[in-house]
$ cat upload-v4.pdb   # PDB, C-alpha atoms, pLDDT in the B column
ATOM      1  CA  MET A 730       1.579 -14.863  -3.510  1.00 37.00           C
ATOM      2  CA  ASP A 731       0.976 -18.635  -3.489  1.00 37.00           C
ATOM      3  CA  ASP A 732      -0.640 -18.516  -0.021  1.00 39.00           C
ATOM      4  CA  HIS A 733      -3.461 -16.363  -1.363  1.00 38.00           C
ATOM      5  CA  ILE A 734      -4.120 -18.016  -4.714  1.00 35.00           C
ATOM      6  CA  ALA A 735      -3.282 -21.679  -4.209  1.00 33.00           C
ATOM      7  CA  GLN A 736      -5.791 -24.284  -5.321  1.00 32.00           C
ATOM      8  CA  SER A 737      -7.119 -26.867  -2.871  1.00 34.00           C
ATOM      9  CA  PRO A 738      -4.598 -29.708  -2.517  1.00 34.00           C
ATOM     10  CA  GLY A 739      -7.431 -32.209  -2.776  1.00 40.00           C
ATOM     11  CA  ARG A 740      -8.611 -31.036  -6.188  1.00 42.00           C
ATOM     12  CA  LEU A 741      -9.331 -33.889  -8.582  1.00 45.00           C
ATOM     13  CA  ARG A 742      -7.268 -34.335 -11.740  1.00 55.00           C
ATOM     14  CA  ALA A 743      -9.003 -32.759 -14.744  1.00 58.00           C
ATOM     15  CA  SER A 744     -10.312 -35.035 -17.494  1.00 66.00           C
ATOM     16  CA  PRO A 745      -8.654 -34.904 -20.968  1.00 66.00           C
ATOM     17  CA  LEU A 746     -11.740 -33.144 -22.354  1.00 58.00           C
ATOM     18  CA  ALA A 747     -11.627 -30.529 -19.587  1.00 56.00           C
ATOM     19  CA  THR A 748      -7.916 -30.032 -20.171  1.00 59.00           C
ATOM     20  CA  LEU A 749      -8.523 -29.500 -23.895  1.00 56.00           C
ATOM     21  CA  ALA A 750     -11.292 -27.009 -23.125  1.00 57.00           C
ATOM     22  CA  THR A 751      -8.910 -25.113 -20.842  1.00 52.00           C
ATOM     23  CA  ILE A 752      -6.251 -24.961 -23.539  1.00 51.00           C
ATOM     24  CA  VAL A 753      -8.752 -23.648 -26.080  1.00 57.00           C
ATOM     25  CA  ARG A 754     -10.066 -21.077 -23.603  1.00 52.00           C
ATOM     26  CA  ASP A 755      -6.562 -19.831 -22.871  1.00 57.00           C
ATOM     27  CA  LEU A 756      -5.857 -19.452 -26.581  1.00 54.00           C
ATOM     28  CA  VAL A 757      -9.062 -17.473 -27.171  1.00 59.00           C
ATOM     29  CA  TYR A 758      -8.965 -15.583 -23.856  1.00 73.00           C
ATOM     30  CA  PRO A 759      -5.355 -15.512 -22.644  1.00 84.00           C
ATOM     31  CA  PRO A 760      -4.940 -15.253 -18.854  1.00 89.00           C
ATOM     32  CA  SER A 761      -4.638 -11.644 -17.734  1.00 91.00           C
ATOM     33  CA  CYS A 762      -4.301  -9.724 -14.480  1.00 93.00           C
ATOM     34  CA  ALA A 763      -7.726  -9.255 -12.888  1.00 91.00           C
ATOM     35  CA  HIS A 764      -6.940  -5.559 -12.420  1.00 93.00           C
ATOM     36  CA  CYS A 765      -4.576  -4.142 -15.045  1.00 93.00           C
ATOM     37  CA  GLY A 766      -5.120  -6.732 -17.793  1.00 90.00           C
ATOM     38  CA  ILE A 767      -1.455  -7.570 -18.416  1.00 93.00           C
ATOM     39  CA  ARG A 768      -0.760 -11.132 -19.583  1.00 91.00           C
ATOM     40  CA  ILE A 769      -0.009 -13.542 -16.728  1.00 88.00           C
ATOM     41  CA  ALA A 770       0.348 -17.303 -16.292  1.00 85.00           C
ATOM     42  CA  ARG A 771      -3.143 -18.152 -15.025  1.00 86.00           C
ATOM     43  CA  HIS A 772      -6.702 -16.892 -14.897  1.00 82.00           C
ATOM     44  CA  GLY A 773      -8.192 -15.375 -11.771  1.00 85.00           C
ATOM     45  CA  ALA A 774      -5.051 -13.787 -10.348  1.00 91.00           C
ATOM     46  CA  LEU A 775      -3.110 -10.538 -10.227  1.00 94.00           C
ATOM     47  CA  CYS A 776       0.232  -9.665 -11.759  1.00 95.00           C
ATOM     48  CA  PRO A 777       3.146  -9.295  -9.307  1.00 95.00           C
ATOM     49  CA  GLU A 778       3.056  -5.481  -9.469  1.00 95.00           C
ATOM     50  CA  CYS A 779      -0.655  -5.269  -8.628  1.00 95.00           C
ATOM     51  CA  TRP A 780      -0.350  -7.972  -5.971  1.00 95.00           C
ATOM     52  CA  THR A 781       2.463  -6.279  -4.066  1.00 95.00           C
ATOM     53  CA  SER A 782       0.553  -2.978  -3.922  1.00 95.00           C
ATOM     54  CA  ILE A 783      -2.279  -4.518  -1.855  1.00 96.00           C
ATOM     55  CA  ARG A 784      -2.244  -4.006   1.917  1.00 96.00           C
ATOM     56  CA  PHE A 785      -3.469  -7.348   3.203  1.00 96.00           C
ATOM     57  CA  ILE A 786      -4.857  -7.435   6.734  1.00 96.00           C
ATOM     58  CA  GLU A 787      -2.829  -9.985   8.646  1.00 94.00           C
ATOM     59  CA  ARG A 788      -2.301 -10.672  12.328  1.00 93.00           C
ATOM     60  CA  PRO A 789      -1.816  -9.031  14.737  1.00 94.00           C
ATOM     61  CA  PHE A 790      -5.270  -7.433  14.700  1.00 95.00           C
ATOM     62  CA  CYS A 791      -8.210  -6.826  17.028  1.00 96.00           C
ATOM     63  CA  GLU A 792      -9.976 -10.143  17.562  1.00 96.00           C
ATOM     64  CA  VAL A 793     -13.391  -8.477  17.319  1.00 97.00           C
ATOM     65  CA  LEU A 794     -13.102  -5.694  14.736  1.00 97.00           C
ATOM     66  CA  GLY A 795     -10.128  -7.035  12.806  1.00 96.00           C
ATOM     67  CA  THR A 796      -8.368  -3.663  13.038  1.00 95.00           C
ATOM     68  CA  PRO A 797      -4.633  -4.146  12.329  1.00 94.00           C
ATOM     69  CA  PHE A 798      -2.238  -3.473  15.202  1.00 94.00           C
ATOM     70  CA  PRO A 799       1.220  -1.951  14.602  1.00 90.00           C
ATOM     71  CA  PHE A 800       2.661  -4.571  16.946  1.00 88.00           C
ATOM     72  CA  ASP A 801       1.503  -7.711  18.754  1.00 89.00           C
ATOM     73  CA  HIS A 802      -0.568  -6.960  21.876  1.00 82.00           C
ATOM     74  CA  GLY A 803      -0.886 -10.618  22.846  1.00 83.00           C
ATOM     75  CA  THR A 804      -3.558 -13.279  22.497  1.00 81.00           C
ATOM     76  CA  ALA A 805      -7.182 -12.131  22.051  1.00 87.00           C
ATOM     77  CA  ALA A 806      -6.233  -8.430  22.153  1.00 94.00           C
ATOM     78  CA  LEU A 807      -9.043  -5.946  21.560  1.00 96.00           C
ATOM     79  CA  SER A 808      -8.912  -2.450  20.115  1.00 94.00           C
ATOM     80  CA  PRO A 809     -10.176   0.502  22.190  1.00 94.00           C
ATOM     81  CA  GLU A 810     -13.115   0.852  19.773  1.00 94.00           C
ATOM     82  CA  ALA A 811     -14.179  -2.769  20.292  1.00 96.00           C
ATOM     83  CA  ILE A 812     -14.054  -2.311  24.068  1.00 96.00           C
ATOM     84  CA  ALA A 813     -15.881   1.021  24.126  1.00 96.00           C
ATOM     85  CA  ASN A 814     -18.486   0.158  21.471  1.00 95.00           C
ATOM     86  CA  PRO A 815     -18.917  -3.622  21.099  1.00 96.00           C
ATOM     87  CA  PRO A 816     -20.483  -4.382  17.703  1.00 97.00           C
ATOM     88  CA  ALA A 817     -23.717  -6.261  17.100  1.00 97.00           C
ATOM     89  CA  PHE A 818     -21.752  -9.079  15.442  1.00 98.00           C
ATOM     90  CA  ASP A 819     -19.164 -11.310  17.111  1.00 98.00           C
ATOM     91  CA  ARG A 820     -16.174 -10.586  14.873  1.00 98.00           C
ATOM     92  CA  LEU A 821     -15.096  -9.030  11.594  1.00 98.00           C
ATOM     93  CA  ARG A 822     -12.602 -10.473   9.148  1.00 98.00           C
ATOM     94  CA  SER A 823     -11.456  -8.760   5.943  1.00 98.00           C
ATOM     95  CA  VAL A 824      -8.922  -9.460   3.218  1.00 98.00           C
ATOM     96  CA  ALA A 825      -7.341  -6.048   2.665  1.00 98.00           C
ATOM     97  CA  THR A 826      -7.629  -2.324   3.243  1.00 97.00           C
ATOM     98  CA  HIS A 827     -10.022  -0.430   0.988  1.00 96.00           C
ATOM     99  CA  ASP A 828      -7.637   1.657  -1.073  1.00 96.00           C
ATOM    100  CA  GLY A 829      -5.789   1.581  -4.391  1.00 96.00           C
ATOM    101  CA  ILE A 830      -6.292  -1.599  -6.383  1.00 96.00           C
ATOM    102  CA  VAL A 831      -8.593  -3.112  -3.754  1.00 97.00           C
ATOM    103  CA  ARG A 832     -10.985  -0.179  -4.145  1.00 96.00           C
ATOM    104  CA  GLU A 833     -10.811  -0.561  -7.929  1.00 96.00           C
ATOM    105  CA  LEU A 834     -11.579  -4.283  -7.727  1.00 96.00           C
ATOM    106  CA  VAL A 835     -14.597  -3.635  -5.510  1.00 96.00           C
ATOM    107  CA  HIS A 836     -15.908  -0.908  -7.795  1.00 95.00           C
ATOM    108  CA  SER A 837     -15.335  -3.062 -10.879  1.00 95.00           C
ATOM    109  CA  LEU A 838     -17.416  -5.862  -9.385  1.00 94.00           C
ATOM    110  CA  LYS A 839     -20.095  -3.595  -7.983  1.00 91.00           C
ATOM    111  CA  TYR A 840     -20.539  -0.903 -10.619  1.00 90.00           C
ATOM    112  CA  ARG A 841     -18.906  -2.216 -13.814  1.00 90.00           C
ATOM    113  CA  ASP A 842     -20.564  -5.647 -13.937  1.00 89.00           C
ATOM    114  CA  ARG A 843     -17.261  -7.511 -13.536  1.00 92.00           C
ATOM    115  CA  ILE A 844     -18.977 -10.603 -12.164  1.00 93.00           C
ATOM    116  CA  ASP A 845     -15.912 -12.590 -13.244  1.00 92.00           C
ATOM    117  CA  LEU A 846     -14.130 -11.022 -10.259  1.00 95.00           C
ATOM    118  CA  ALA A 847     -16.489 -12.623  -7.724  1.00 96.00           C
ATOM    119  CA  PRO A 848     -14.764 -16.043  -7.606  1.00 95.00           C
ATOM    120  CA  VAL A 849     -11.346 -14.343  -7.456  1.00 95.00           C
ATOM    121  CA  LEU A 850     -12.232 -12.120  -4.498  1.00 97.00           C
ATOM    122  CA  ALA A 851     -14.185 -14.925  -2.826  1.00 98.00           C
ATOM    123  CA  ARG A 852     -11.115 -17.168  -2.892  1.00 96.00           C
ATOM    124  CA  TRP A 853      -9.123 -14.590  -0.917  1.00 97.00           C
ATOM    125  CA  MET A 854     -12.043 -14.126   1.471  1.00 98.00           C
ATOM    126  CA  VAL A 855     -12.091 -17.862   2.179  1.00 98.00           C
ATOM    127  CA  ARG A 856      -8.470 -17.605   3.291  1.00 97.00           C
ATOM    128  CA  ALA A 857      -9.133 -14.528   5.461  1.00 98.00           C
ATOM    129  CA  GLY A 858     -12.084 -16.170   7.205  1.00 98.00           C
ATOM    130  CA  ALA A 859     -10.896 -19.783   7.155  1.00 98.00           C
ATOM    131  CA  PRO A 860     -11.375 -20.629  10.878  1.00 98.00           C
ATOM    132  CA  GLU A 861     -14.766 -18.922  11.046  1.00 98.00           C
ATOM    133  CA  LEU A 862     -15.969 -20.577   7.831  1.00 98.00           C
ATOM    134  CA  ALA A 863     -14.837 -23.981   9.059  1.00 98.00           C
ATOM    135  CA  ALA A 864     -16.835 -23.517  12.281  1.00 98.00           C
ATOM    136  CA  CYS A 865     -19.990 -21.990  10.779  1.00 98.00           C
ATOM    137  CA  ASP A 866     -23.270 -23.674   9.881  1.00 98.00           C
ATOM    138  CA  ALA A 867     -24.142 -21.499   6.903  1.00 98.00           C
ATOM    139  CA  VAL A 868     -23.224 -18.431   4.824  1.00 98.00           C
ATOM    140  CA  LEU A 869     -25.458 -15.412   4.139  1.00 98.00           C
ATOM    141  CA  ALA A 870     -25.076 -12.176   2.195  1.00 98.00           C
ATOM    142  CA  VAL A 871     -26.242  -8.638   2.891  1.00 97.00           C
ATOM    143  CA  PRO A 872     -29.361  -8.487   0.694  1.00 96.00           C
ATOM    144  CA  LEU A 873     -30.442  -5.832  -1.778  1.00 92.00           C
ATOM    145  CA  HIS A 874     -33.971  -4.498  -1.943  1.00 90.00           C
ATOM    146  CA  ARG A 875     -35.896  -6.153  -4.777  1.00 87.00           C
ATOM    147  CA  THR A 876     -36.259  -2.892  -6.718  1.00 83.00           C
ATOM    148  CA  ARG A 877     -32.518  -2.220  -6.585  1.00 81.00           C
ATOM    149  CA  LEU A 878     -31.792  -5.822  -7.508  1.00 81.00           C
ATOM    150  CA  PHE A 879     -34.031  -5.371 -10.543  1.00 75.00           C
ATOM    151  CA  THR A 880     -32.113  -2.310 -11.728  1.00 79.00           C
ATOM    152  CA  ARG A 881     -28.644  -3.690 -10.836  1.00 80.00           C
ATOM    153  CA  ASN A 882     -29.350  -7.256 -12.097  1.00 83.00           C
ATOM    154  CA  PHE A 883     -27.148  -8.835  -9.425  1.00 91.00           C
ATOM    155  CA  ASN A 884     -26.103  -8.473  -5.802  1.00 94.00           C
ATOM    156  CA  GLN A 885     -22.308  -8.381  -5.533  1.00 95.00           C
ATOM    157  CA  SER A 886     -22.385  -9.553  -1.911  1.00 97.00           C
ATOM    158  CA  ALA A 887     -24.556 -12.523  -2.846  1.00 97.00           C
ATOM    159  CA  GLU A 888     -22.183 -13.421  -5.680  1.00 97.00           C
ATOM    160  CA  LEU A 889     -19.262 -13.423  -3.231  1.00 98.00           C
ATOM    161  CA  ALA A 890     -21.229 -15.446  -0.660  1.00 98.00           C
ATOM    162  CA  ARG A 891     -22.321 -17.988  -3.260  1.00 97.00           C
ATOM    163  CA  HIS A 892     -18.738 -18.698  -4.316  1.00 98.00           C
ATOM    164  CA  ILE A 893     -17.548 -18.798  -0.693  1.00 98.00           C
ATOM    165  CA  ALA A 894     -20.270 -21.284   0.238  1.00 98.00           C
ATOM    166  CA  ARG A 895     -19.544 -23.436  -2.792  1.00 97.00           C
ATOM    167  CA  SER A 896     -15.805 -23.616  -2.135  1.00 97.00           C
ATOM    168  CA  THR A 897     -16.249 -24.418   1.574  1.00 98.00           C
ATOM    169  CA  GLY A 898     -19.176 -26.802   1.234  1.00 98.00           C
ATOM    170  CA  LYS A 899     -21.396 -24.669   3.478  1.00 98.00           C
ATOM    171  CA  PRO A 900     -25.070 -23.926   2.752  1.00 98.00           C
ATOM    172  CA  PHE A 901     -25.770 -20.521   1.210  1.00 98.00           C
ATOM    173  CA  LEU A 902     -28.927 -19.035   2.742  1.00 98.00           C
ATOM    174  CA  ALA A 903     -29.945 -16.771  -0.126  1.00 96.00           C
ATOM    175  CA  TYR A 904     -33.454 -15.908   1.112  1.00 95.00           C
ATOM    176  CA  THR A 905     -33.129 -16.032   4.895  1.00 98.00           C
ATOM    177  CA  VAL A 906     -32.632 -12.284   5.396  1.00 97.00           C
ATOM    178  CA  LEU A 907     -34.583  -9.776   3.301  1.00 96.00           C
ATOM    179  CA  ARG A 908     -34.162  -6.042   2.813  1.00 94.00           C
ATOM    180  CA  VAL A 909     -37.732  -4.935   3.432  1.00 92.00           C
ATOM    181  CA  LYS A 910     -37.145  -1.194   3.155  1.00 87.00           C
ATOM    182  CA  ARG A 911     -35.567   0.516   0.170  1.00 84.00           C
ATOM    183  CA  THR A 912     -32.780   2.694   1.541  1.00 80.00           C
ATOM    184  CA  ALA A 913     -30.703   5.493   0.092  1.00 74.00           C
ATOM    185  CA  ARG A 914     -27.175   4.658  -0.993  1.00 75.00           C
ATOM    186  CA  GLN A 915     -24.739   4.688   1.909  1.00 80.00           C
ATOM    187  CA  VAL A 916     -21.939   6.298  -0.107  1.00 76.00           C
ATOM    188  CA  GLY A 917     -21.213   9.805   1.168  1.00 72.00           C
ATOM    189  CA  LEU A 918     -23.306   9.527   4.340  1.00 79.00           C
ATOM    190  CA  SER A 919     -21.897  10.085   7.827  1.00 77.00           C
ATOM    191  CA  ALA A 920     -21.744   7.201  10.301  1.00 80.00           C
ATOM    192  CA  ASN A 921     -24.902   8.373  12.086  1.00 83.00           C
ATOM    193  CA  ALA A 922     -26.725   8.923   8.810  1.00 84.00           C
ATOM    194  CA  ARG A 923     -25.753   5.449   7.634  1.00 82.00           C
ATOM    195  CA  ALA A 924     -27.126   3.901  10.822  1.00 82.00           C
ATOM    196  CA  ASP A 925     -30.397   5.851  10.477  1.00 82.00           C
ATOM    197  CA  ASN A 926     -30.630   4.893   6.808  1.00 79.00           C
ATOM    198  CA  VAL A 927     -30.632   1.124   7.462  1.00 88.00           C
ATOM    199  CA  ARG A 928     -32.665   1.118  10.681  1.00 87.00           C
ATOM    200  CA  GLY A 929     -35.576  -1.310  10.216  1.00 90.00           C
ATOM    201  CA  ALA A 930     -34.393  -2.196   6.717  1.00 89.00           C
ATOM    202  CA  PHE A 931     -33.902  -5.954   7.265  1.00 96.00           C
ATOM    203  CA  ALA A 932     -36.044  -8.850   8.436  1.00 97.00           C
ATOM    204  CA  ILE A 933     -35.982 -12.643   8.566  1.00 98.00           C
ATOM    205  CA  GLY A 934     -37.899 -14.157   5.653  1.00 96.00           C
ATOM    206  CA  SER A 935     -41.217 -15.847   6.331  1.00 96.00           C
ATOM    207  CA  GLY A 936     -40.677 -19.389   7.620  1.00 96.00           C
ATOM    208  CA  ARG A 937     -36.890 -18.953   7.761  1.00 97.00           C
ATOM    209  CA  ASP A 938     -36.406 -18.730  11.530  1.00 96.00           C
ATOM    210  CA  ALA A 939     -34.986 -22.258  11.698  1.00 97.00           C
ATOM    211  CA  ASP A 940     -32.175 -21.153   9.348  1.00 97.00           C
ATOM    212  CA  VAL A 941     -30.937 -18.827  12.084  1.00 98.00           C
ATOM    213  CA  PHE A 942     -31.880 -20.082  15.560  1.00 98.00           C
ATOM    214  CA  GLY A 943     -28.918 -21.546  17.430  1.00 98.00           C
ATOM    215  CA  ARG A 944     -26.656 -21.438  14.388  1.00 98.00           C
ATOM    216  CA  ARG A 945     -23.204 -20.029  13.714  1.00 98.00           C
ATOM    217  CA  LEU A 946     -23.403 -17.802  10.639  1.00 98.00           C
ATOM    218  CA  VAL A 947     -20.986 -15.961   8.358  1.00 98.00           C
ATOM    219  CA  LEU A 948     -22.437 -12.758   6.903  1.00 98.00           C
ATOM    220  CA  VAL A 949     -20.759 -11.627   3.669  1.00 98.00           C
ATOM    221  CA  ASP A 950     -20.450  -8.102   2.272  1.00 98.00           C
ATOM    222  CA  ASP A 951     -18.018  -6.472  -0.145  1.00 97.00           C
ATOM    223  CA  VAL A 952     -16.765  -3.579   2.020  1.00 96.00           C
ATOM    224  CA  PHE A 953     -16.830  -2.691   5.709  1.00 97.00           C
ATOM    225  CA  THR A 954     -16.832   1.060   6.340  1.00 93.00           C
ATOM    226  CA  THR A 955     -18.724   2.258   9.412  1.00 92.00           C
ATOM    227  CA  GLY A 956     -20.384  -1.143   9.851  1.00 94.00           C
ATOM    228  CA  ALA A 957     -23.904   0.286   9.842  1.00 94.00           C
ATOM    229  CA  THR A 958     -25.320  -2.126   7.274  1.00 95.00           C
ATOM    230  CA  VAL A 959     -23.803  -5.362   8.583  1.00 97.00           C
ATOM    231  CA  SER A 960     -24.639  -4.303  12.143  1.00 97.00           C
ATOM    232  CA  ALA A 961     -28.292  -3.851  11.167  1.00 96.00           C
ATOM    233  CA  VAL A 962     -28.351  -7.323   9.644  1.00 98.00           C
ATOM    234  CA  ALA A 963     -26.480  -8.843  12.600  1.00 98.00           C
ATOM    235  CA  LYS A 964     -29.027  -7.391  15.037  1.00 97.00           C
ATOM    236  CA  VAL A 965     -31.836  -9.066  13.109  1.00 97.00           C
ATOM    237  CA  LEU A 966     -29.956 -12.382  13.131  1.00 98.00           C
ATOM    238  CA  LYS A 967     -29.214 -12.145  16.845  1.00 98.00           C
ATOM    239  CA  ARG A 968     -32.842 -11.307  17.670  1.00 97.00           C
ATOM    240  CA  ALA A 969     -33.816 -14.425  15.703  1.00 98.00           C
ATOM    241  CA  GLY A 970     -31.543 -16.510  17.925  1.00 98.00           C
ATOM    242  CA  ALA A 971     -28.287 -16.773  15.969  1.00 98.00           C
ATOM    243  CA  ALA A 972     -25.592 -18.198  18.261  1.00 98.00           C
ATOM    244  CA  ASP A 973     -22.690 -16.461  16.515  1.00 98.00           C
ATOM    245  CA  VAL A 974     -22.307 -14.002  13.625  1.00 98.00           C
ATOM    246  CA  THR A 975     -19.025 -13.405  11.820  1.00 98.00           C
ATOM    247  CA  VAL A 976     -18.899 -10.603   9.256  1.00 98.00           C
ATOM    248  CA  LEU A 977     -16.596 -11.407   6.334  1.00 98.00           C
ATOM    249  CA  THR A 978     -15.735  -8.710   3.778  1.00 98.00           C
ATOM    250  CA  PHE A 979     -13.242  -8.355   0.974  1.00 98.00           C
ATOM    251  CA  ALA A 980     -12.243  -4.788   1.853  1.00 98.00           C
ATOM    252  CA  ARG A 981     -12.014  -2.817   5.085  1.00 97.00           C
ATOM    253  CA  ALA A 982     -12.010   0.982   5.198  1.00 94.00           C
ATOM    254  CA  LEU A 983      -9.671   2.092   7.961  1.00 90.00           C
ATOM    255  CA  SER A 984      -9.999   5.861   7.676  1.00 68.00           C
ATOM    256  CA  ASP A 985     -12.793   7.952   6.171  1.00 47.00           C
ATOM    257  CA  PRO A 986     -16.004   6.358   4.858  1.00 44.00           C
ATOM    258  CA  ILE A 987     -16.198   5.683   1.128  1.00 39.00           C
TER
END

$ encode --input "upload-v4.pdb" --output "structure tokens"
Amino acid sequence: MDDHIAQSPGRLRASPLATLATIVRDLVYPPSCAHCGIRIARHGALCPECWTSIRFIERPFCEVLGTPFPFDHGTAALSPEAIANPPAFDRLRSVATHDGIVRELVHSLKYRDRIDLAPVLARWMVRAGAPELAACDAVLAVPLHRTRLFTRNFNQSAELARHIARSTGKPFLAYTVLRVKRTARQVGLSANARADNVRGAFAIGSGRDADVFGRRLVLVDDVFTTGATVSAVAKVLKRAGAADVTVLTFARALSDPI
């Protein structure tokens, strides 16, 4: 568990006032599991039972699509899907498979306004994409259309990206890519329908070309299913001259679409 939730070893010692504030906060709002709510030792973590139910995506996996392998195929191994249909992005990295508690965490953030989960999930995403984040120039998020952002009040992918950028010291390019076409929800659509739905939906913001050209970028989203949305964004970034695009998600659907 410690590998996934450990604080940075270089974190500065808290001031007495900050320590007192933490004590008061813990008395008023005792630490609880981010999923089931049971009392635990610290904020922003899961209880042992919830933690052990998560299927984390660890090596060995496809170097491009991040698909887990049942056994080690050797260095830089690729899945048949990655060979037959190379994606628009350079690689995908995800924390865990999109089922059980992971699905519930995603839905709680996305549909139940649990914005408090964003820094928790982002911390795990930083671990999953550590090499790619260390090598990148900036972090972006899959954008929402302005009308949907108005009704939803926040973009869960942007919240994740903001916390990832903050914790890694990378710039967060919040306005570099825009969703210029309002699309239908992807939930329930087939892979082909999803691709058609997001075709022409994204564009580089006016005057933002320098954010992208020649740069290594990490594109953040909450869930990877068929890849239609992140592929549409990656194509726009590549056409604008991005040197490398890594897609980083919290969850990865490995069977049927959501």

$ residues_around --input "upload-v4.pdb" --residues "A:Thr804" --least-positions-apart "6" --cutoff "12 Å" --atoms "all atoms listed in the file" --output "ChimeraX atom specification"
/A:788-792

$ resolve_selection --input "upload-v4.pdb" --expression "the PyMOL selection byres ((chain A and resi 785) around 12)" --output "ChimeraX atom specification"
/A:730,732-733,780-784,786-790,795-797,822-831,853-854,856-857,979-981

$ resolve_selection --input "upload-v4.pdb" --expression "the PyMOL selection byres ((chain A and resi 969) around 9)" --output "compact mmCIF listing (two decimals) with C-alpha atoms, in the coordinates of the input"
# COMPACT_ATOMS: atom_id res chain seq x y z
CA ILE A 933 -35.98 -12.64 8.57
CA ASP A 938 -36.41 -18.73 11.53
CA ALA A 939 -34.99 -22.26 11.70
CA VAL A 941 -30.94 -18.83 12.08
CA PHE A 942 -31.88 -20.08 15.56
CA GLY A 943 -28.92 -21.55 17.43
CA LYS A 964 -29.03 -7.39 15.04
CA VAL A 965 -31.84 -9.07 13.11
CA LEU A 966 -29.96 -12.38 13.13
CA LYS A 967 -29.21 -12.14 16.84
CA ARG A 968 -32.84 -11.31 17.67
CA GLY A 970 -31.54 -16.51 17.92
CA ALA A 971 -28.29 -16.77 15.97

$ resolve_selection --input "upload-v4.pdb" --expression "the PyMOL selection byres ((chain A and resi 893) around 8)" --output "list in words"
Pro848, Ala851, Arg852, Met854, Val855, Val868, Leu889, Ala890, Arg891, His892, Ala894, Arg895, Ser896 and Thr897 of chain A

$ closest_residue --input "upload-v4.pdb" --among "A:Ser837, A:Thr958, A:Asn882, A:Thr975" --to "A:Asp866" --atoms "only C-alpha atoms"
A:Thr975

$ residues_around --input "upload-v4.pdb" --residues "A:Gln885" --least-positions-apart "3" --cutoff "12 Å" --atoms "all atoms listed in the file" --output "ChimeraX atom specification"
/A:834-848,850-851,870-873,877-878,881-882,888-892,949-952,978-979

$ closest_residue --input "upload-v4.pdb" --among "A:Ala859, A:Val849, A:Ala982, A:Leu821" --to "A:Ala774" --atoms "all atoms listed in the file"
A:Val849

$ closest_residue --input "upload-v4.pdb" --among "A:Arg928, A:Arg908, A:Lys899, A:His802" --to "A:Cys865" --atoms "all atoms listed in the file"
A:Lys899

$ atom_distance --input "upload-v4.pdb" --atom1 "atom CA of A:Glu778" --atom2 "atom CA of A:Pro759"
18.6 Å

$ axis_aligned_box --input "upload-v4.pdb" --around "stretch 782-796 of chain A" --padding-each-side "3 Å" --output "lines of an AutoDock Vina configuration file"
center_x = -6.4
center_y = -6.8
center_z = 6.8
size_x = 19.9
size_y = 13.7
size_z = 27.5

$ atom_distance --input "upload-v4.pdb" --atom1 "atom CA of A:Phe953" --atom2 "atom CA of A:Leu794"
10.2 Å

$ atom_distance --input "upload-v4.pdb" --atom1 "atom CA of A:Phe883" --atom2 "atom CA of A:Leu907"
14.8 Å

$ residues_around --input "upload-v4.pdb" --residues "A:Arg911" --least-positions-apart "4" --cutoff "10 Å" --atoms "only C-alpha atoms" --output "list in words"
Leu873, His874, Arg875, Thr876, Arg877, Asn926, Val927, Ala930 and Phe931 of chain A

$ write_last_selection --input "upload-v4.pdb" --atoms "C-alpha atoms" --output "CSV table (one decimal), keeping the file's coordinate frame"
chain,number,residue,atom,x,y,z
A,873,LEU,CA,-30.4,-5.8,-1.8
A,874,HIS,CA,-34.0,-4.5,-1.9
A,875,ARG,CA,-35.9,-6.2,-4.8
A,876,THR,CA,-36.3,-2.9,-6.7
A,877,ARG,CA,-32.5,-2.2,-6.6
A,926,ASN,CA,-30.6,4.9,6.8
A,927,VAL,CA,-30.6,1.1,7.5
A,930,ALA,CA,-34.4,-2.2,6.7
A,931,PHE,CA,-33.9,-6.0,7.3

$ closest_residue --input "upload-v4.pdb" --among "A:Lys910, A:Arg944, A:Arg820, A:Arg937" --to "A:Gly956" --atoms "all atoms listed in the file"
A:Arg820
